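Source file: final-v7.pdb. Holds: PDB, C-alpha atoms, pLDDT in the B column.
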```pdb
ATOM      1  CA  MET A   1       0.000   0.000   0.000  1.00 40.00           C
ATOM      2  CA  ALA A   2       1.439   3.373  -0.999  1.00 46.00           C
ATOM      3  CA  ALA A   3       1.804   6.047   1.631  1.00 49.00           C
ATOM      4  CA  SER A   4      -0.665   8.874   1.204  1.00 46.00           C
ATOM      5  CA  THR A   5       0.571  12.418   0.922  1.00 51.00           C
ATOM      6  CA  TYR A   6      -0.950  15.553   2.348  1.00 49.00           C
ATOM      7  CA  ALA A   7      -0.387  19.290   2.219  1.00 48.00           C
ATOM      8  CA  PRO A   8      -1.117  21.590   5.171  1.00 55.00           C
ATOM      9  CA  ALA A   9      -4.006  23.943   4.431  1.00 55.00           C
ATOM     10  CA  SER A  10      -1.949  26.966   5.519  1.00 59.00           C
ATOM     11  CA  VAL A  11       0.359  26.651   2.525  1.00 56.00           C
ATOM     12  CA  ALA A  12      -0.588  29.128  -0.200  1.00 59.00           C
ATOM     13  CA  ASP A  13       0.360  26.876  -3.106  1.00 67.00           C
ATOM     14  CA  PRO A  14      -2.114  24.220  -4.227  1.00 73.00           C
ATOM     15  CA  PRO A  15      -1.290  20.719  -2.991  1.00 74.00           C
ATOM     16  CA  PRO A  16       0.595  18.405  -5.340  1.00 79.00           C
ATOM     17  CA  GLU A  17      -1.580  16.242  -7.558  1.00 82.00           C
ATOM     18  CA  GLY A  18      -2.982  13.334  -5.588  1.00 82.00           C
ATOM     19  CA  ALA A  19      -2.320  15.011  -2.245  1.00 83.00           C
ATOM     20  CA  ARG A  20      -5.084  15.692   0.233  1.00 83.00           C
ATOM     21  CA  ARG A  21      -5.369  19.150   1.842  1.00 81.00           C
ATOM     22  CA  VAL A  22      -5.432  18.818   5.646  1.00 85.00           C
ATOM     23  CA  PRO A  23      -6.499  21.825   7.751  1.00 87.00           C
ATOM     24  CA  VAL A  24      -3.975  23.260  10.182  1.00 87.00           C
ATOM     25  CA  VAL A  25      -5.550  24.253  13.512  1.00 90.00           C
ATOM     26  CA  TRP A  26      -3.764  26.378  16.097  1.00 88.00           C
ATOM     27  CA  VAL A  27      -4.361  24.849  19.534  1.00 92.00           C
ATOM     28  CA  GLY A  28      -3.292  26.428  22.834  1.00 92.00           C
ATOM     29  CA  VAL A  29      -2.402  29.895  21.514  1.00 91.00           C
ATOM     30  CA  GLU A  30      -4.339  31.532  24.349  1.00 93.00           C
ATOM     31  CA  ASP A  31      -2.139  29.676  26.864  1.00 94.00           C
ATOM     32  CA  LEU A  32       1.081  31.311  25.639  1.00 93.00           C
ATOM     33  CA  PRO A  33       2.480  34.370  27.402  1.00 94.00           C
ATOM     34  CA  VAL A  34       2.566  37.643  25.471  1.00 95.00           C
ATOM     35  CA  HIS A  35       5.958  39.380  25.291  1.00 96.00           C
ATOM     36  CA  PHE A  36       6.401  42.975  24.164  1.00 96.00           C
ATOM     37  CA  VAL A  37       9.260  43.403  21.685  1.00 97.00           C
ATOM     38  CA  ASN A  38      10.669  46.568  20.171  1.00 98.00           C
ATOM     39  CA  GLN A  39      14.081  45.462  18.861  1.00 98.00           C
ATOM     40  CA  PHE A  40      14.787  43.132  15.937  1.00 98.00           C
ATOM     41  CA  ALA A  41      17.929  41.581  14.490  1.00 98.00           C
ATOM     42  CA  GLY A  42      18.379  39.261  11.525  1.00 98.00           C
ATOM     43  CA  VAL A  43      21.234  36.990  10.489  1.00 97.00           C
ATOM     44  CA  VAL A  44      21.381  35.116   7.207  1.00 97.00           C
ATOM     45  CA  GLN A  45      23.145  31.906   6.265  1.00 95.00           C
ATOM     46  CA  PRO A  46      22.766  29.853   3.091  1.00 94.00           C
ATOM     47  CA  ASN A  47      19.137  28.618   3.113  1.00 94.00           C
ATOM     48  CA  GLU A  48      18.626  29.774   6.728  1.00 97.00           C
ATOM     49  CA  ILE A  49      17.473  32.964   8.372  1.00 98.00           C
ATOM     50  CA  PHE A  50      17.633  33.708  12.079  1.00 98.00           C
ATOM     51  CA  LEU A  51      15.495  36.451  13.602  1.00 98.00           C
ATOM     52  CA  THR A  52      16.017  37.594  17.175  1.00 98.00           C
ATOM     53  CA  LEU A  53      13.334  39.684  18.859  1.00 98.00           C
ATOM     54  CA  GLY A  54      13.971  41.550  22.073  1.00 98.00           C
ATOM     55  CA  THR A  55      12.978  44.408  24.322  1.00 98.00           C
ATOM     56  CA  VAL A  56      14.839  47.518  25.333  1.00 97.00           C
ATOM     57  CA  VAL A  57      13.557  49.599  28.229  1.00 95.00           C
ATOM     58  CA  PRO A  58      14.979  53.112  28.403  1.00 92.00           C
ATOM     59  CA  PRO A  59      16.856  53.778  31.639  1.00 91.00           C
ATOM     60  CA  ALA A  60      15.236  55.984  34.233  1.00 90.00           C
ATOM     61  CA  ILE A  61      16.836  59.397  34.526  1.00 91.00           C
ATOM     62  CA  LEU A  62      15.797  60.648  37.959  1.00 89.00           C
ATOM     63  CA  GLY A  63      18.063  63.551  38.905  1.00 84.00           C
ATOM     64  CA  GLU A  64      16.424  66.451  40.711  1.00 89.00           C
ATOM     65  CA  SER A  65      18.026  69.149  38.573  1.00 92.00           C
ATOM     66  CA  GLU A  66      18.614  69.424  34.848  1.00 93.00           C
ATOM     67  CA  ASP A  67      22.373  69.156  35.464  1.00 93.00           C
ATOM     68  CA  GLU A  68      21.931  65.933  37.485  1.00 92.00           C
ATOM     69  CA  ARG A  69      19.740  64.418  34.766  1.00 92.00           C
ATOM     70  CA  ARG A  70      22.218  65.424  32.064  1.00 93.00           C
ATOM     71  CA  ALA A  71      25.117  63.907  34.053  1.00 92.00           C
ATOM     72  CA  GLN A  72      23.164  60.654  34.515  1.00 92.00           C
ATOM     73  CA  ALA A  73      22.342  60.519  30.802  1.00 92.00           C
ATOM     74  CA  GLU A  74      25.944  61.175  29.810  1.00 93.00           C
ATOM     75  CA  SER A  75      27.192  58.413  32.115  1.00 93.00           C
ATOM     76  CA  ILE A  76      25.148  55.731  30.309  1.00 93.00           C
ATOM     77  CA  GLU A  77      27.538  53.614  28.230  1.00 94.00           C
ATOM     78  CA  PHE A  78      24.883  51.429  26.583  1.00 94.00           C
ATOM     79  CA  VAL A  79      21.307  50.241  26.963  1.00 95.00           C
ATOM     80  CA  GLN A  80      20.723  46.493  27.150  1.00 95.00           C
ATOM     81  CA  VAL A  81      18.374  44.648  24.830  1.00 97.00           C
ATOM     82  CA  ARG A  82      16.773  41.669  26.559  1.00 97.00           C
ATOM     83  CA  PRO A  83      16.356  38.865  23.978  1.00 98.00           C
ATOM     84  CA  ILE A  84      12.888  37.318  24.062  1.00 97.00           C
ATOM     85  CA  VAL A  85      12.969  34.774  21.233  1.00 97.00           C
ATOM     86  CA  ARG A  86      15.264  33.580  18.465  1.00 97.00           C
ATOM     87  CA  LEU A  87      13.558  32.110  15.414  1.00 97.00           C
ATOM     88  CA  GLY A  88      15.146  30.116  12.619  1.00 98.00           C
ATOM     89  CA  MET A  89      13.445  29.576   9.279  1.00 97.00           C
ATOM     90  CA  THR A  90      13.966  29.025   5.580  1.00 97.00           C
ATOM     91  CA  PRO A  91      13.747  31.905   3.097  1.00 96.00           C
ATOM     92  CA  ALA A  92      10.360  30.555   1.949  1.00 95.00           C
ATOM     93  CA  ARG A  93       9.014  30.717   5.510  1.00 95.00           C
ATOM     94  CA  LEU A  94      10.408  34.240   5.915  1.00 96.00           C
ATOM     95  CA  ARG A  95       8.448  35.283   2.811  1.00 96.00           C
ATOM     96  CA  GLU A  96       5.327  33.714   4.347  1.00 95.00           C
ATOM     97  CA  LEU A  97       5.991  35.557   7.628  1.00 95.00           C
ATOM     98  CA  ILE A  98       6.383  38.844   5.744  1.00 96.00           C
ATOM     99  CA  GLN A  99       3.005  38.258   4.059  1.00 95.00           C
ATOM    100  CA  VAL A 100       1.378  37.564   7.437  1.00 94.00           C
ATOM    101  CA  LEU A 101       2.971  40.692   8.948  1.00 95.00           C
ATOM    102  CA  ASN A 102       1.876  42.857   5.997  1.00 95.00           C
ATOM    103  CA  GLN A 103      -1.687  41.517   6.216  1.00 94.00           C
ATOM    104  CA  THR A 104      -1.748  42.045   9.984  1.00 93.00           C
ATOM    105  CA  LEU A 105      -0.572  45.654   9.575  1.00 94.00           C
ATOM    106  CA  SER A 106      -3.182  46.232   6.875  1.00 93.00           C
ATOM    107  CA  ASN A 107      -5.900  44.826   9.161  1.00 93.00           C
ATOM    108  CA  TYR A 108      -4.699  47.062  11.993  1.00 92.00           C
ATOM    109  CA  GLU A 109      -4.683  50.179   9.817  1.00 92.00           C
ATOM    110  CA  ARG A 110      -8.247  49.503   8.609  1.00 92.00           C
ATOM    111  CA  GLN A 111      -9.612  49.527  12.163  1.00 90.00           C
ATOM    112  CA  PRO A 112     -11.753  52.484  13.131  1.00 87.00           C
ATOM    113  CA  THR A 113      -9.875  54.987  15.277  1.00 82.00           C
ATOM    114  CA  ILE A 114     -10.976  54.945  18.911  1.00 77.00           C
ATOM    115  CA  GLU A 115     -10.471  58.230  20.697  1.00 73.00           C
ATOM    116  CA  PRO A 116     -10.191  58.399  24.498  1.00 68.00           C
TER
END
```
Conversion result in structure tokens:
Amino acid sequence: MAASTYAPASVADPPPEGARRVPVVWVGVEDLPVHFVNQFAGVVQPNEIFLTLGTVVPPAILGESEDERRAQAESIEFVQVRPIVRLGMTPARLRELIQVLNQTLSNYERQPTIEP
């Protein structure tokens, strides 16, 4: 008996001839923690892409006078980025991610503006 083939339904291309399309269902997403990220780095290798997402929190400058605050700011050598996740993927998956990000941004921008 020949092994059957399948193609995940999330793939944009039609399944190969004779393959059955099987839906992909996200389970447990609501159980994952949400992490805020505002820093991004990418590294490329042949047929591999690594994306690192992280968070930087600006340091508190709490001097009582303008001179104290300026001195504190000038003494800062660097601001740390706390890495949150490192993702590895193929170029094809990066293209898919870019499409998802573009669609998500488009959906966000089409929302009605809510004023406080």
Set the distance at 8 Å and use all atoms listed in the file: which residues neighbour Gln72 in chain A once local chain neighbours fewer than 4 positions away are removed? I'd like the list as a short mmCIF file (atom, residue, chain, number, x, y, z; two decimals) with C-alpha atoms, in the coordinates of the input.
```cif
data_model
loop_
_atom_site.label_atom_id
_atom_site.label_comp_id
_atom_site.auth_asym_id
_atom_site.auth_seq_id
_atom_site.Cartn_x
_atom_site.Cartn_y
_atom_site.Cartn_z
CA ILE A 61 16.84 59.40 34.53
CA GLY A 63 18.06 63.55 38.90
CA GLU A 68 21.93 65.93 37.48
CA ILE A 76 25.15 55.73 30.31
#
```
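Around range 32-44 of chain A, within 7 Å and counting only C-alpha atoms, the residues found are Ile49, Phe50, Leu51, Thr52, Leu53, Gly54, Thr55 and Val56 of chain A, once anything fewer than 5 positions away on its own chain is removed.
Note that the spacing between CA of Met89 in chain A and CA of Asn47 in chain A amounts to 8.4 Å.
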Point to revise | Interatomic distance, CA of Gln45 in chain A to CA of Leu87 in chain A (Å, one decimal) | key: 13.3 Å
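Between CA of Pro58 in chain A and CA of Arg70 in chain A there is a distance of 14.7 Å.
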